[in-house]
>>> print(open('protein-v8.cif').read())   # mmCIF, N, CA and C atoms
data_coords
loop_
_atom_site.label_atom_id
_atom_site.label_comp_id
_atom_site.auth_asym_id
_atom_site.auth_seq_id
_atom_site.Cartn_x
_atom_site.Cartn_y
_atom_site.Cartn_z
N MET A 1 159.81 -29.17 -66.38
CA MET A 1 159.62 -28.06 -65.45
C MET A 1 160.63 -26.98 -65.75
N PHE A 2 160.53 -25.89 -65.08
CA PHE A 2 161.35 -24.71 -65.29
C PHE A 2 162.59 -24.78 -64.44
N SER A 3 163.77 -24.87 -65.06
CA SER A 3 165.01 -25.04 -64.30
C SER A 3 165.46 -23.74 -63.66
N SER A 4 166.20 -23.88 -62.57
CA SER A 4 166.71 -22.73 -61.83
C SER A 4 167.67 -21.91 -62.68
N SER A 5 168.52 -22.56 -63.46
CA SER A 5 169.48 -21.83 -64.28
C SER A 5 168.77 -21.05 -65.38
N ARG A 6 167.72 -21.61 -65.95
CA ARG A 6 166.95 -20.90 -66.97
C ARG A 6 166.27 -19.69 -66.34
N TYR A 7 165.73 -19.86 -65.15
CA TYR A 7 165.10 -18.75 -64.43
C TYR A 7 166.12 -17.66 -64.16
N ASP A 8 167.34 -18.02 -63.77
CA ASP A 8 168.39 -17.04 -63.50
C ASP A 8 168.74 -16.25 -64.76
N ILE A 9 168.81 -16.92 -65.90
CA ILE A 9 169.12 -16.25 -67.16
C ILE A 9 168.01 -15.26 -67.50
N ILE A 10 166.77 -15.69 -67.38
CA ILE A 10 165.64 -14.80 -67.66
C ILE A 10 165.66 -13.61 -66.71
N GLU A 11 165.88 -13.88 -65.46
CA GLU A 11 165.93 -12.81 -64.46
C GLU A 11 167.03 -11.80 -64.79
N LYS A 12 168.18 -12.28 -65.24
CA LYS A 12 169.27 -11.38 -65.62
C LYS A 12 168.87 -10.53 -66.82
N PHE A 13 168.26 -11.14 -67.84
CA PHE A 13 167.80 -10.39 -68.99
C PHE A 13 166.81 -9.30 -68.57
N LEU A 14 165.87 -9.64 -67.73
CA LEU A 14 164.87 -8.67 -67.31
C LEU A 14 165.49 -7.56 -66.46
N THR A 15 166.45 -7.90 -65.64
CA THR A 15 167.16 -6.89 -64.86
C THR A 15 167.92 -5.96 -65.79
N ASP A 16 168.62 -6.53 -66.76
CA ASP A 16 169.36 -5.73 -67.73
C ASP A 16 168.40 -4.85 -68.54
N LEU A 17 167.28 -5.41 -68.92
CA LEU A 17 166.30 -4.66 -69.69
C LEU A 17 165.74 -3.49 -68.89
N THR A 18 165.48 -3.70 -67.63
CA THR A 18 165.00 -2.61 -66.76
C THR A 18 166.04 -1.51 -66.69
N ARG A 19 167.30 -1.88 -66.56
CA ARG A 19 168.38 -0.90 -66.52
C ARG A 19 168.46 -0.12 -67.83
N VAL A 20 168.35 -0.83 -68.95
CA VAL A 20 168.40 -0.19 -70.26
C VAL A 20 167.27 0.81 -70.40
N PHE A 21 166.06 0.41 -70.02
CA PHE A 21 164.92 1.32 -70.16
C PHE A 21 165.09 2.55 -69.30
N ALA A 22 165.67 2.40 -68.13
CA ALA A 22 165.93 3.55 -67.26
C ALA A 22 166.95 4.49 -67.91
N GLU A 23 167.97 3.92 -68.53
CA GLU A 23 168.98 4.74 -69.21
C GLU A 23 168.37 5.48 -70.39
N LEU A 24 167.47 4.85 -71.12
CA LEU A 24 166.87 5.46 -72.30
C LEU A 24 166.08 6.72 -71.95
N ALA A 25 165.60 6.81 -70.73
CA ALA A 25 164.82 7.98 -70.32
C ALA A 25 165.65 9.26 -70.42
N GLY A 26 166.97 9.16 -70.32
CA GLY A 26 167.83 10.33 -70.38
C GLY A 26 168.31 10.67 -71.79
N TYR A 27 167.95 9.88 -72.78
CA TYR A 27 168.41 10.08 -74.15
C TYR A 27 167.37 10.79 -74.99
N ASP A 28 167.84 11.42 -76.08
CA ASP A 28 166.88 11.95 -77.04
C ASP A 28 166.40 10.80 -77.92
N THR A 29 165.47 11.07 -78.80
CA THR A 29 164.85 10.02 -79.61
C THR A 29 165.88 9.25 -80.44
N THR A 30 166.74 9.96 -81.12
CA THR A 30 167.73 9.31 -81.98
C THR A 30 168.65 8.41 -81.17
N GLU A 31 169.14 8.91 -80.05
CA GLU A 31 170.02 8.11 -79.20
C GLU A 31 169.30 6.89 -78.65
N SER A 32 168.04 7.06 -78.26
CA SER A 32 167.26 5.93 -77.74
C SER A 32 167.08 4.85 -78.78
N LEU A 33 166.75 5.25 -80.01
CA LEU A 33 166.57 4.26 -81.07
C LEU A 33 167.88 3.57 -81.42
N GLU A 34 168.99 4.31 -81.36
CA GLU A 34 170.29 3.69 -81.61
C GLU A 34 170.62 2.67 -80.52
N GLU A 35 170.29 2.98 -79.28
CA GLU A 35 170.54 2.04 -78.18
C GLU A 35 169.70 0.78 -78.34
N ILE A 36 168.45 0.94 -78.70
CA ILE A 36 167.59 -0.23 -78.90
C ILE A 36 168.15 -1.09 -80.03
N GLN A 37 168.61 -0.44 -81.10
CA GLN A 37 169.22 -1.19 -82.21
C GLN A 37 170.40 -2.02 -81.69
N LYS A 38 171.20 -1.46 -80.80
CA LYS A 38 172.34 -2.20 -80.24
C LYS A 38 171.85 -3.46 -79.51
N TYR A 39 170.73 -3.34 -78.81
CA TYR A 39 170.22 -4.50 -78.07
C TYR A 39 169.57 -5.52 -79.00
N TYR A 40 168.89 -5.05 -80.06
CA TYR A 40 168.40 -6.01 -81.05
C TYR A 40 169.57 -6.82 -81.58
N GLN A 41 170.65 -6.12 -81.91
CA GLN A 41 171.82 -6.78 -82.51
C GLN A 41 172.58 -7.61 -81.49
N GLY A 42 172.90 -7.02 -80.34
CA GLY A 42 173.73 -7.70 -79.35
C GLY A 42 173.05 -8.85 -78.64
N TRP A 43 171.82 -8.66 -78.22
CA TRP A 43 171.12 -9.68 -77.45
C TRP A 43 170.45 -10.73 -78.34
N LEU A 44 169.98 -10.28 -79.51
CA LEU A 44 169.16 -11.19 -80.32
C LEU A 44 169.73 -11.48 -81.70
N GLY A 45 170.79 -10.78 -82.08
CA GLY A 45 171.39 -10.99 -83.39
C GLY A 45 170.50 -10.55 -84.53
N LEU A 46 169.68 -9.52 -84.29
CA LEU A 46 168.75 -9.03 -85.30
C LEU A 46 169.08 -7.60 -85.70
N ASP A 47 168.93 -7.30 -86.96
CA ASP A 47 169.08 -5.94 -87.46
C ASP A 47 167.72 -5.25 -87.42
N ARG A 48 167.69 -4.00 -87.00
CA ARG A 48 166.43 -3.28 -86.91
C ARG A 48 165.71 -3.24 -88.26
N GLN A 49 166.47 -3.05 -89.34
CA GLN A 49 165.84 -2.98 -90.66
C GLN A 49 165.15 -4.30 -91.00
N PHE A 50 165.74 -5.40 -90.60
CA PHE A 50 165.12 -6.71 -90.81
C PHE A 50 163.77 -6.76 -90.10
N ILE A 51 163.73 -6.25 -88.88
CA ILE A 51 162.48 -6.22 -88.11
C ILE A 51 161.46 -5.33 -88.81
N LEU A 52 161.89 -4.16 -89.25
CA LEU A 52 160.99 -3.22 -89.91
C LEU A 52 160.43 -3.78 -91.21
N ASP A 53 161.22 -4.57 -91.92
CA ASP A 53 160.83 -5.08 -93.24
C ASP A 53 159.82 -6.22 -93.19
N HIS A 54 159.57 -6.79 -92.02
CA HIS A 54 158.68 -7.95 -91.92
C HIS A 54 157.34 -7.59 -91.29
N THR A 55 156.31 -8.30 -91.73
CA THR A 55 155.01 -8.19 -91.07
C THR A 55 155.13 -8.83 -89.69
N PRO A 56 154.21 -8.52 -88.78
CA PRO A 56 154.27 -9.16 -87.47
C PRO A 56 154.26 -10.68 -87.56
N GLU A 57 153.38 -11.22 -88.38
CA GLU A 57 153.26 -12.67 -88.50
C GLU A 57 154.49 -13.28 -89.19
N GLY A 58 154.99 -12.59 -90.21
CA GLY A 58 156.18 -13.06 -90.92
C GLY A 58 157.41 -13.07 -90.03
N LEU A 59 157.54 -12.03 -89.21
CA LEU A 59 158.66 -11.95 -88.27
C LEU A 59 158.58 -13.08 -87.25
N LEU A 60 157.41 -13.27 -86.67
CA LEU A 60 157.23 -14.34 -85.68
C LEU A 60 157.49 -15.70 -86.30
N ASP A 61 156.96 -15.94 -87.47
CA ASP A 61 157.15 -17.22 -88.14
C ASP A 61 158.64 -17.49 -88.40
N PHE A 62 159.33 -16.50 -88.92
CA PHE A 62 160.75 -16.67 -89.21
C PHE A 62 161.54 -16.93 -87.94
N LEU A 63 161.31 -16.14 -86.91
CA LEU A 63 162.10 -16.26 -85.69
C LEU A 63 161.79 -17.54 -84.91
N SER A 64 160.53 -17.91 -84.87
CA SER A 64 160.17 -19.10 -84.09
C SER A 64 160.49 -20.40 -84.81
N LYS A 65 160.43 -20.40 -86.14
CA LYS A 65 160.65 -21.64 -86.88
C LYS A 65 162.04 -21.74 -87.49
N LYS A 66 162.45 -20.73 -88.22
CA LYS A 66 163.75 -20.82 -88.90
C LYS A 66 164.91 -20.52 -87.98
N ARG A 67 164.77 -19.52 -87.12
CA ARG A 67 165.85 -19.18 -86.19
C ARG A 67 165.69 -19.91 -84.85
N GLU A 68 164.54 -20.54 -84.66
CA GLU A 68 164.23 -21.31 -83.46
C GLU A 68 164.45 -20.51 -82.17
N PHE A 69 163.96 -19.27 -82.18
CA PHE A 69 164.01 -18.44 -80.98
C PHE A 69 163.16 -19.09 -79.90
N SER A 70 163.65 -19.08 -78.68
CA SER A 70 162.86 -19.58 -77.55
C SER A 70 161.81 -18.53 -77.18
N THR A 71 160.85 -18.93 -76.37
CA THR A 71 159.85 -17.96 -75.90
C THR A 71 160.51 -16.87 -75.07
N ASP A 72 161.61 -17.19 -74.41
CA ASP A 72 162.33 -16.17 -73.63
C ASP A 72 162.90 -15.09 -74.55
N HIS A 73 163.50 -15.52 -75.66
CA HIS A 73 164.04 -14.56 -76.62
C HIS A 73 162.92 -13.73 -77.25
N LEU A 74 161.83 -14.38 -77.57
CA LEU A 74 160.70 -13.67 -78.18
C LEU A 74 160.09 -12.68 -77.20
N ASP A 75 160.02 -13.06 -75.93
CA ASP A 75 159.52 -12.15 -74.90
C ASP A 75 160.41 -10.91 -74.83
N LEU A 76 161.70 -11.11 -74.84
CA LEU A 76 162.64 -9.99 -74.82
C LEU A 76 162.45 -9.10 -76.05
N LEU A 77 162.31 -9.70 -77.22
CA LEU A 77 162.08 -8.94 -78.44
C LEU A 77 160.80 -8.12 -78.35
N ALA A 78 159.73 -8.73 -77.86
CA ALA A 78 158.46 -8.02 -77.75
C ALA A 78 158.59 -6.82 -76.81
N ARG A 79 159.32 -6.97 -75.73
CA ARG A 79 159.52 -5.85 -74.80
C ARG A 79 160.32 -4.74 -75.46
N LEU A 80 161.35 -5.10 -76.22
CA LEU A 80 162.13 -4.08 -76.94
C LEU A 80 161.28 -3.38 -78.00
N LEU A 81 160.47 -4.14 -78.71
CA LEU A 81 159.58 -3.54 -79.72
C LEU A 81 158.60 -2.56 -79.08
N ALA A 82 158.04 -2.95 -77.94
CA ALA A 82 157.10 -2.07 -77.24
C ALA A 82 157.79 -0.79 -76.80
N LYS A 83 159.01 -0.91 -76.30
CA LYS A 83 159.75 0.27 -75.86
C LYS A 83 160.09 1.16 -77.04
N GLU A 84 160.51 0.55 -78.14
CA GLU A 84 160.80 1.33 -79.35
C GLU A 84 159.54 2.07 -79.80
N ALA A 85 158.41 1.40 -79.77
CA ALA A 85 157.16 2.04 -80.19
C ALA A 85 156.83 3.23 -79.30
N GLU A 86 157.05 3.10 -78.00
CA GLU A 86 156.81 4.23 -77.09
C GLU A 86 157.67 5.43 -77.46
N ILE A 87 158.92 5.17 -77.79
CA ILE A 87 159.84 6.24 -78.19
C ILE A 87 159.37 6.87 -79.50
N LEU A 88 158.91 6.05 -80.43
CA LEU A 88 158.41 6.56 -81.70
C LEU A 88 157.17 7.42 -81.51
N VAL A 89 156.33 7.08 -80.55
CA VAL A 89 155.16 7.91 -80.24
C VAL A 89 155.62 9.29 -79.76
N GLN A 90 156.60 9.31 -78.88
CA GLN A 90 157.13 10.58 -78.39
C GLN A 90 157.70 11.42 -79.52
N ALA A 91 158.25 10.75 -80.54
CA ALA A 91 158.81 11.45 -81.70
C ALA A 91 157.74 11.73 -82.75
N GLN A 92 156.50 11.41 -82.44
CA GLN A 92 155.34 11.61 -83.32
C GLN A 92 155.47 10.85 -84.64
N GLN A 93 156.11 9.71 -84.59
CA GLN A 93 156.20 8.81 -85.74
C GLN A 93 155.15 7.71 -85.55
N PHE A 94 153.89 8.12 -85.64
CA PHE A 94 152.78 7.27 -85.23
C PHE A 94 152.60 6.01 -86.09
N SER A 95 152.78 6.13 -87.38
CA SER A 95 152.59 4.97 -88.24
C SER A 95 153.61 3.88 -87.93
N LEU A 96 154.86 4.28 -87.78
CA LEU A 96 155.90 3.31 -87.44
C LEU A 96 155.70 2.76 -86.03
N ALA A 97 155.28 3.61 -85.10
CA ALA A 97 154.99 3.16 -83.74
C ALA A 97 153.88 2.11 -83.75
N LYS A 98 152.86 2.36 -84.53
CA LYS A 98 151.75 1.40 -84.64
C LYS A 98 152.26 0.05 -85.13
N ASP A 99 153.11 0.06 -86.14
CA ASP A 99 153.67 -1.20 -86.66
C ASP A 99 154.47 -1.95 -85.60
N GLN A 100 155.27 -1.22 -84.83
CA GLN A 100 156.08 -1.87 -83.80
C GLN A 100 155.22 -2.38 -82.65
N PHE A 101 154.19 -1.61 -82.26
CA PHE A 101 153.26 -2.09 -81.24
C PHE A 101 152.57 -3.37 -81.72
N GLN A 102 152.17 -3.39 -83.00
CA GLN A 102 151.49 -4.56 -83.53
C GLN A 102 152.41 -5.78 -83.51
N LYS A 103 153.67 -5.60 -83.86
CA LYS A 103 154.63 -6.71 -83.81
C LYS A 103 154.79 -7.20 -82.37
N ALA A 104 154.88 -6.26 -81.44
CA ALA A 104 155.00 -6.64 -80.02
C ALA A 104 153.79 -7.45 -79.58
N LEU A 105 152.59 -7.02 -79.97
CA LEU A 105 151.37 -7.73 -79.57
C LEU A 105 151.32 -9.15 -80.13
N VAL A 106 151.67 -9.30 -81.39
CA VAL A 106 151.65 -10.64 -82.01
C VAL A 106 152.65 -11.55 -81.30
N ILE A 107 153.83 -11.03 -81.04
CA ILE A 107 154.86 -11.84 -80.38
C ILE A 107 154.48 -12.14 -78.93
N PHE A 108 153.97 -11.13 -78.21
CA PHE A 108 153.51 -11.38 -76.84
C PHE A 108 152.42 -12.45 -76.82
N GLY A 109 151.49 -12.39 -77.78
CA GLY A 109 150.42 -13.39 -77.84
C GLY A 109 150.97 -14.79 -78.01
N TYR A 110 151.95 -14.93 -78.87
CA TYR A 110 152.60 -16.23 -79.07
C TYR A 110 153.28 -16.69 -77.78
N VAL A 111 154.01 -15.79 -77.14
CA VAL A 111 154.73 -16.14 -75.91
C VAL A 111 153.74 -16.56 -74.83
N GLU A 112 152.63 -15.85 -74.73
CA GLU A 112 151.61 -16.21 -73.73
C GLU A 112 151.09 -17.63 -73.96
N GLN A 113 150.91 -18.01 -75.20
CA GLN A 113 150.41 -19.35 -75.52
C GLN A 113 151.46 -20.44 -75.31
N GLU A 114 152.70 -20.15 -75.66
CA GLU A 114 153.73 -21.18 -75.73
C GLU A 114 154.64 -21.26 -74.51
N SER A 115 154.74 -20.20 -73.74
CA SER A 115 155.68 -20.19 -72.62
C SER A 115 155.15 -21.01 -71.45
N PRO A 116 156.04 -21.78 -70.83
CA PRO A 116 155.63 -22.52 -69.64
C PRO A 116 155.55 -21.62 -68.40
N VAL A 117 155.93 -20.36 -68.56
CA VAL A 117 156.02 -19.45 -67.42
C VAL A 117 154.92 -18.40 -67.52
N PHE A 118 154.11 -18.30 -66.48
CA PHE A 118 153.13 -17.22 -66.39
C PHE A 118 153.83 -15.98 -65.87
N SER A 119 153.58 -14.84 -66.51
CA SER A 119 154.21 -13.60 -66.07
C SER A 119 153.16 -12.50 -65.97
N LEU A 120 152.90 -12.08 -64.75
CA LEU A 120 151.97 -10.97 -64.54
C LEU A 120 152.55 -9.69 -65.14
N GLN A 121 153.85 -9.51 -65.04
CA GLN A 121 154.49 -8.34 -65.62
C GLN A 121 154.28 -8.31 -67.14
N ARG A 122 154.46 -9.45 -67.80
CA ARG A 122 154.23 -9.53 -69.24
C ARG A 122 152.79 -9.19 -69.58
N ARG A 123 151.86 -9.73 -68.80
CA ARG A 123 150.45 -9.43 -69.05
C ARG A 123 150.15 -7.94 -68.92
N ASN A 124 150.75 -7.31 -67.91
CA ASN A 124 150.54 -5.87 -67.72
C ASN A 124 151.12 -5.07 -68.89
N ILE A 125 152.29 -5.47 -69.36
CA ILE A 125 152.89 -4.80 -70.51
C ILE A 125 152.00 -4.98 -71.74
N MET A 126 151.48 -6.20 -71.91
CA MET A 126 150.59 -6.46 -73.05
C MET A 126 149.37 -5.56 -73.01
N GLU A 127 148.77 -5.39 -71.85
CA GLU A 127 147.59 -4.53 -71.74
C GLU A 127 147.92 -3.08 -72.08
N THR A 128 149.09 -2.62 -71.64
CA THR A 128 149.52 -1.27 -71.96
C THR A 128 149.74 -1.12 -73.47
N VAL A 129 150.38 -2.11 -74.06
CA VAL A 129 150.64 -2.08 -75.50
C VAL A 129 149.32 -2.12 -76.28
N LYS A 130 148.37 -2.93 -75.85
CA LYS A 130 147.06 -2.98 -76.52
C LYS A 130 146.38 -1.62 -76.48
N TYR A 131 146.43 -0.98 -75.32
CA TYR A 131 145.82 0.34 -75.17
C TYR A 131 146.50 1.36 -76.09
N GLN A 132 147.84 1.38 -76.08
CA GLN A 132 148.57 2.34 -76.91
C GLN A 132 148.35 2.06 -78.39
N PHE A 133 148.30 0.79 -78.78
CA PHE A 133 148.05 0.42 -80.17
C PHE A 133 146.67 0.91 -80.61
N ALA A 134 145.67 0.69 -79.78
CA ALA A 134 144.30 1.13 -80.12
C ALA A 134 144.23 2.65 -80.22
N LYS A 135 144.88 3.33 -79.32
CA LYS A 135 144.88 4.79 -79.31
C LYS A 135 145.51 5.34 -80.59
N ILE A 136 146.66 4.80 -80.97
CA ILE A 136 147.33 5.25 -82.20
C ILE A 136 146.50 4.88 -83.43
N SER A 137 145.94 3.70 -83.44
CA SER A 137 145.11 3.27 -84.57
C SER A 137 143.95 4.24 -84.77
N ASN A 138 143.32 4.63 -83.68
CA ASN A 138 142.22 5.59 -83.76
C ASN A 138 142.69 6.93 -84.28
N GLN A 139 143.85 7.40 -83.83
CA GLN A 139 144.39 8.68 -84.29
C GLN A 139 144.70 8.64 -85.80
N LEU A 140 145.26 7.54 -86.25
CA LEU A 140 145.61 7.43 -87.66
C LEU A 140 144.39 7.26 -88.55
N ASP A 141 143.30 6.74 -87.99
CA ASP A 141 142.07 6.56 -88.76
C ASP A 141 141.27 7.85 -88.92
N ILE A 142 141.57 8.84 -88.10
CA ILE A 142 140.81 10.11 -88.14
C ILE A 142 141.19 10.92 -89.35
#
>>> encode(input="protein-v8.cif", output="structure tokens")
Amino acid sequence: MFSSSRYDIIEKFLTDLTRVFAELAGYDTTESLEEIQKYYQGWLGLDRQFILDHTPEGLLDFLSKKREFSTDHLDLLARLLAKEAEILVQAQQFSLAKDQFQKALVIFGYVEQESPVFSLQRRNIMETVKYQFAKISNQLDI
């Protein structure tokens, strides 16, 4: 079952993440991307370039098997990827945004299958990411 201490840790991460996203609203694109990089590094021990260099499936495979990331860590990564993609859309870097949305979707899909915790918030974020991914894909195909 889901322990209280694990729930508290997840709740703290989500609270911190909400605070971070609120702070990012006041930054320009470059500052926002730098802040996200800090969280990739500080919270997850990942370099942004490492994330960029991998396919969605390759990244998930490496993190879930070789680094043994928990579904909680993967959920956090997917949320950061989705936020980064939103910032990239604002900066009109559509191709890179599409790649980050796709990575977020693959990781969210894995988390949905493997996590013992149902999250309506995660499902809502996934639906938003799916919509934004489809919209960008259509724009890039034109």
>>> atom_distance(input="protein-v8.cif", atom1="CA of Met126 in chain A", atom2="CA of Phe94 in chain A")
18.5 Å
>>> atom_distance(input="protein-v8.cif", atom1="CA of Glu114 in chain A", atom2="CA of Leu33 in chain A")
29.0 Å
>>> atom_distance(input="protein-v8.cif", atom1="atom N of Glu68 in chain A", atom2="CA of Lys130 in chain A")
26.1 Å
>>> residues_around(input="protein-v8.cif", residues="Leu77 in chain A", least_positions_apart="5", cutoff="12 Å", atoms="only C-alpha atoms", output="VMD selection string")
chain A and resid 13 to 14 17 36 to 37 39 to 48 51 56 59 to 60 63 to 64 69 to 72 82 to 84 100 to 101 103 to 108 110 to 111
>>> write_last_selection(input="protein-v8.cif", atoms="N, CA and C atoms", output="compact mmCIF listing (two decimals), in the frame of the given file")
# COMPACT_ATOMS: atom_id res chain seq x y z
N PHE A 13 168.26 -11.14 -67.84
CA PHE A 13 167.80 -10.39 -68.99
C PHE A 13 166.81 -9.30 -68.57
N LEU A 14 165.87 -9.64 -67.73
CA LEU A 14 164.87 -8.67 -67.31
C LEU A 14 165.49 -7.56 -66.46
N LEU A 17 167.28 -5.41 -68.92
CA LEU A 17 166.30 -4.66 -69.69
C LEU A 17 165.74 -3.49 -68.89
N ILE A 36 168.45 0.94 -78.70
CA ILE A 36 167.59 -0.23 -78.90
C ILE A 36 168.15 -1.09 -80.03
N GLN A 37 168.61 -0.44 -81.10
CA GLN A 37 169.22 -1.19 -82.21
C GLN A 37 170.40 -2.02 -81.69
N TYR A 39 170.73 -3.34 -78.81
CA TYR A 39 170.22 -4.50 -78.07
C TYR A 39 169.57 -5.52 -79.00
N TYR A 40 168.89 -5.05 -80.06
CA TYR A 40 168.40 -6.01 -81.05
C TYR A 40 169.57 -6.82 -81.58
N GLN A 41 170.65 -6.12 -81.91
CA GLN A 41 171.82 -6.78 -82.51
C GLN A 41 172.58 -7.61 -81.49
N GLY A 42 172.90 -7.02 -80.34
CA GLY A 42 173.73 -7.70 -79.35
C GLY A 42 173.05 -8.85 -78.64
N TRP A 43 171.82 -8.66 -78.22
CA TRP A 43 171.12 -9.68 -77.45
C TRP A 43 170.45 -10.73 -78.34
N LEU A 44 169.98 -10.28 -79.51
CA LEU A 44 169.16 -11.19 -80.32
C LEU A 44 169.73 -11.48 -81.70
N GLY A 45 170.79 -10.78 -82.08
CA GLY A 45 171.39 -10.99 -83.39
C GLY A 45 170.50 -10.55 -84.53
N LEU A 46 169.68 -9.52 -84.29
CA LEU A 46 168.75 -9.03 -85.30
C LEU A 46 169.08 -7.60 -85.70
N ASP A 47 168.93 -7.30 -86.96
CA ASP A 47 169.08 -5.94 -87.46
C ASP A 47 167.72 -5.25 -87.42
N ARG A 48 167.69 -4.00 -87.00
CA ARG A 48 166.43 -3.28 -86.91
C ARG A 48 165.71 -3.24 -88.26
N ILE A 51 163.73 -6.25 -88.88
CA ILE A 51 162.48 -6.22 -88.11
C ILE A 51 161.46 -5.33 -88.81
N PRO A 56 154.21 -8.52 -88.78
CA PRO A 56 154.27 -9.16 -87.47
C PRO A 56 154.26 -10.68 -87.56
N LEU A 59 157.54 -12.03 -89.21
CA LEU A 59 158.66 -11.95 -88.27
C LEU A 59 158.58 -13.08 -87.25
N LEU A 60 157.41 -13.27 -86.67
CA LEU A 60 157.23 -14.34 -85.68
C LEU A 60 157.49 -15.70 -86.30
N LEU A 63 161.31 -16.14 -86.91
CA LEU A 63 162.10 -16.26 -85.69
C LEU A 63 161.79 -17.54 -84.91
N SER A 64 160.53 -17.91 -84.87
CA SER A 64 160.17 -19.10 -84.09
C SER A 64 160.49 -20.40 -84.81
N PHE A 69 163.96 -19.27 -82.18
CA PHE A 69 164.01 -18.44 -80.98
C PHE A 69 163.16 -19.09 -79.90
N SER A 70 163.65 -19.08 -78.68
CA SER A 70 162.86 -19.58 -77.55
C SER A 70 161.81 -18.53 -77.18
N THR A 71 160.85 -18.93 -76.37
CA THR A 71 159.85 -17.96 -75.90
C THR A 71 160.51 -16.87 -75.07
N ASP A 72 161.61 -17.19 -74.41
CA ASP A 72 162.33 -16.17 -73.63
C ASP A 72 162.90 -15.09 -74.55
N ALA A 82 158.04 -2.95 -77.94
CA ALA A 82 157.10 -2.07 -77.24
C ALA A 82 157.79 -0.79 -76.80
N LYS A 83 159.01 -0.91 -76.30
CA LYS A 83 159.75 0.27 -75.86
C LYS A 83 160.09 1.16 -77.04
N GLU A 84 160.51 0.55 -78.14
CA GLU A 84 160.80 1.33 -79.35
C GLU A 84 159.54 2.07 -79.80
N GLN A 100 155.27 -1.22 -84.83
CA GLN A 100 156.08 -1.87 -83.80
C GLN A 100 155.22 -2.38 -82.65
N PHE A 101 154.19 -1.61 -82.26
CA PHE A 101 153.26 -2.09 -81.24
C PHE A 101 152.57 -3.37 -81.72
N LYS A 103 153.67 -5.60 -83.86
CA LYS A 103 154.63 -6.71 -83.81
C LYS A 103 154.79 -7.20 -82.37
N ALA A 104 154.88 -6.26 -81.44
CA ALA A 104 155.00 -6.64 -80.02
C ALA A 104 153.79 -7.45 -79.58
N LEU A 105 152.59 -7.02 -79.97
CA LEU A 105 151.37 -7.73 -79.57
C LEU A 105 151.32 -9.15 -80.13
N VAL A 106 151.67 -9.30 -81.39
CA VAL A 106 151.65 -10.64 -82.01
C VAL A 106 152.65 -11.55 -81.30
N ILE A 107 153.83 -11.03 -81.04
CA ILE A 107 154.86 -11.84 -80.38
C ILE A 107 154.48 -12.14 -78.93
N PHE A 108 153.97 -11.13 -78.21
CA PHE A 108 153.51 -11.38 -76.84
C PHE A 108 152.42 -12.45 -76.82
N TYR A 110 151.95 -14.93 -78.87
CA TYR A 110 152.60 -16.23 -79.07
C TYR A 110 153.28 -16.69 -77.78
N VAL A 111 154.01 -15.79 -77.14
CA VAL A 111 154.73 -16.14 -75.91
C VAL A 111 153.74 -16.56 -74.83
>>> closest_residue(input="protein-v8.cif", among="A:Ala91, A:Ser32, A:Leu80, A:Pro116", to="Val129 in chain A", atoms="only C-alpha atoms")
A:Leu80
>>> select_by_dssp(input="protein-v8.cif", residues="range 19-141 of chain A", states="alpha helix (DSSP H)", output="ChimeraX atom specification")
/A:19-24,29-44,48-53,56-61,71-90,94-114,120-141
>>> closest_residue(input="protein-v8.cif", among="A:Thr128, A:Ser119, A:Leu81, A:Asn138", to="Leu96 in chain A", atoms="only C-alpha atoms")
A:Leu81
>>> residues_near_point(input="protein-v8.cif", point="(147.6, 2.3, -84.9)", cutoff="7 Å", atoms="all atoms listed in the file", output="JSON, numbers by chain")
{"A": [94, 95, 97, 98, 99, 132, 133, 134, 135, 136, 137, 138, 139, 140, 141]}
>>> decode(input="protein-v8.cif", residues="range 46-71 of chain A", atoms="C-alpha atoms", output="mmCIF file, in the first residue's frame")
data_model
loop_
_atom_site.group_PDB
_atom_site.id
_atom_site.type_symbol
_atom_site.label_atom_id
_atom_site.label_comp_id
_atom_site.auth_asym_id
_atom_site.auth_seq_id
_atom_site.Cartn_x
_atom_site.Cartn_y
_atom_site.Cartn_z
ATOM 1 C CA LEU A 46 19.856 14.893 -14.950
ATOM 2 C CA ASP A 47 21.516 17.218 -17.423
ATOM 3 C CA ARG A 48 19.177 18.900 -19.906
ATOM 4 C CA GLN A 49 21.447 17.962 -22.809
ATOM 5 C CA PHE A 50 21.203 14.315 -21.780
ATOM 6 C CA ILE A 51 17.416 14.617 -21.953
ATOM 7 C CA LEU A 52 17.551 16.354 -25.332
ATOM 8 C CA ASP A 53 19.906 13.724 -26.775
ATOM 9 C CA HIS A 54 17.584 10.771 -26.089
ATOM 10 C CA THR A 55 14.431 9.575 -27.791
ATOM 11 C CA PRO A 56 11.363 9.420 -25.547
ATOM 12 C CA GLU A 57 11.547 5.629 -25.363
ATOM 13 C CA GLY A 58 15.325 5.590 -24.881
ATOM 14 C CA LEU A 59 15.102 8.122 -22.072
ATOM 15 C CA LEU A 60 12.342 6.191 -20.314
ATOM 16 C CA ASP A 61 14.167 2.889 -20.717
ATOM 17 C CA PHE A 62 17.412 4.294 -19.338
ATOM 18 C CA LEU A 63 15.804 6.052 -16.381
ATOM 19 C CA SER A 64 13.422 3.282 -15.390
ATOM 20 C CA LYS A 65 15.866 0.387 -15.797
ATOM 21 C CA LYS A 66 19.434 1.607 -15.461
ATOM 22 C CA ARG A 67 18.879 4.514 -13.066
ATOM 23 C CA GLU A 68 15.877 2.786 -11.452
ATOM 24 C CA PHE A 69 13.831 5.977 -11.215
ATOM 25 C CA SER A 70 10.610 5.496 -9.273
ATOM 26 C CA THR A 71 7.279 6.404 -10.827
#
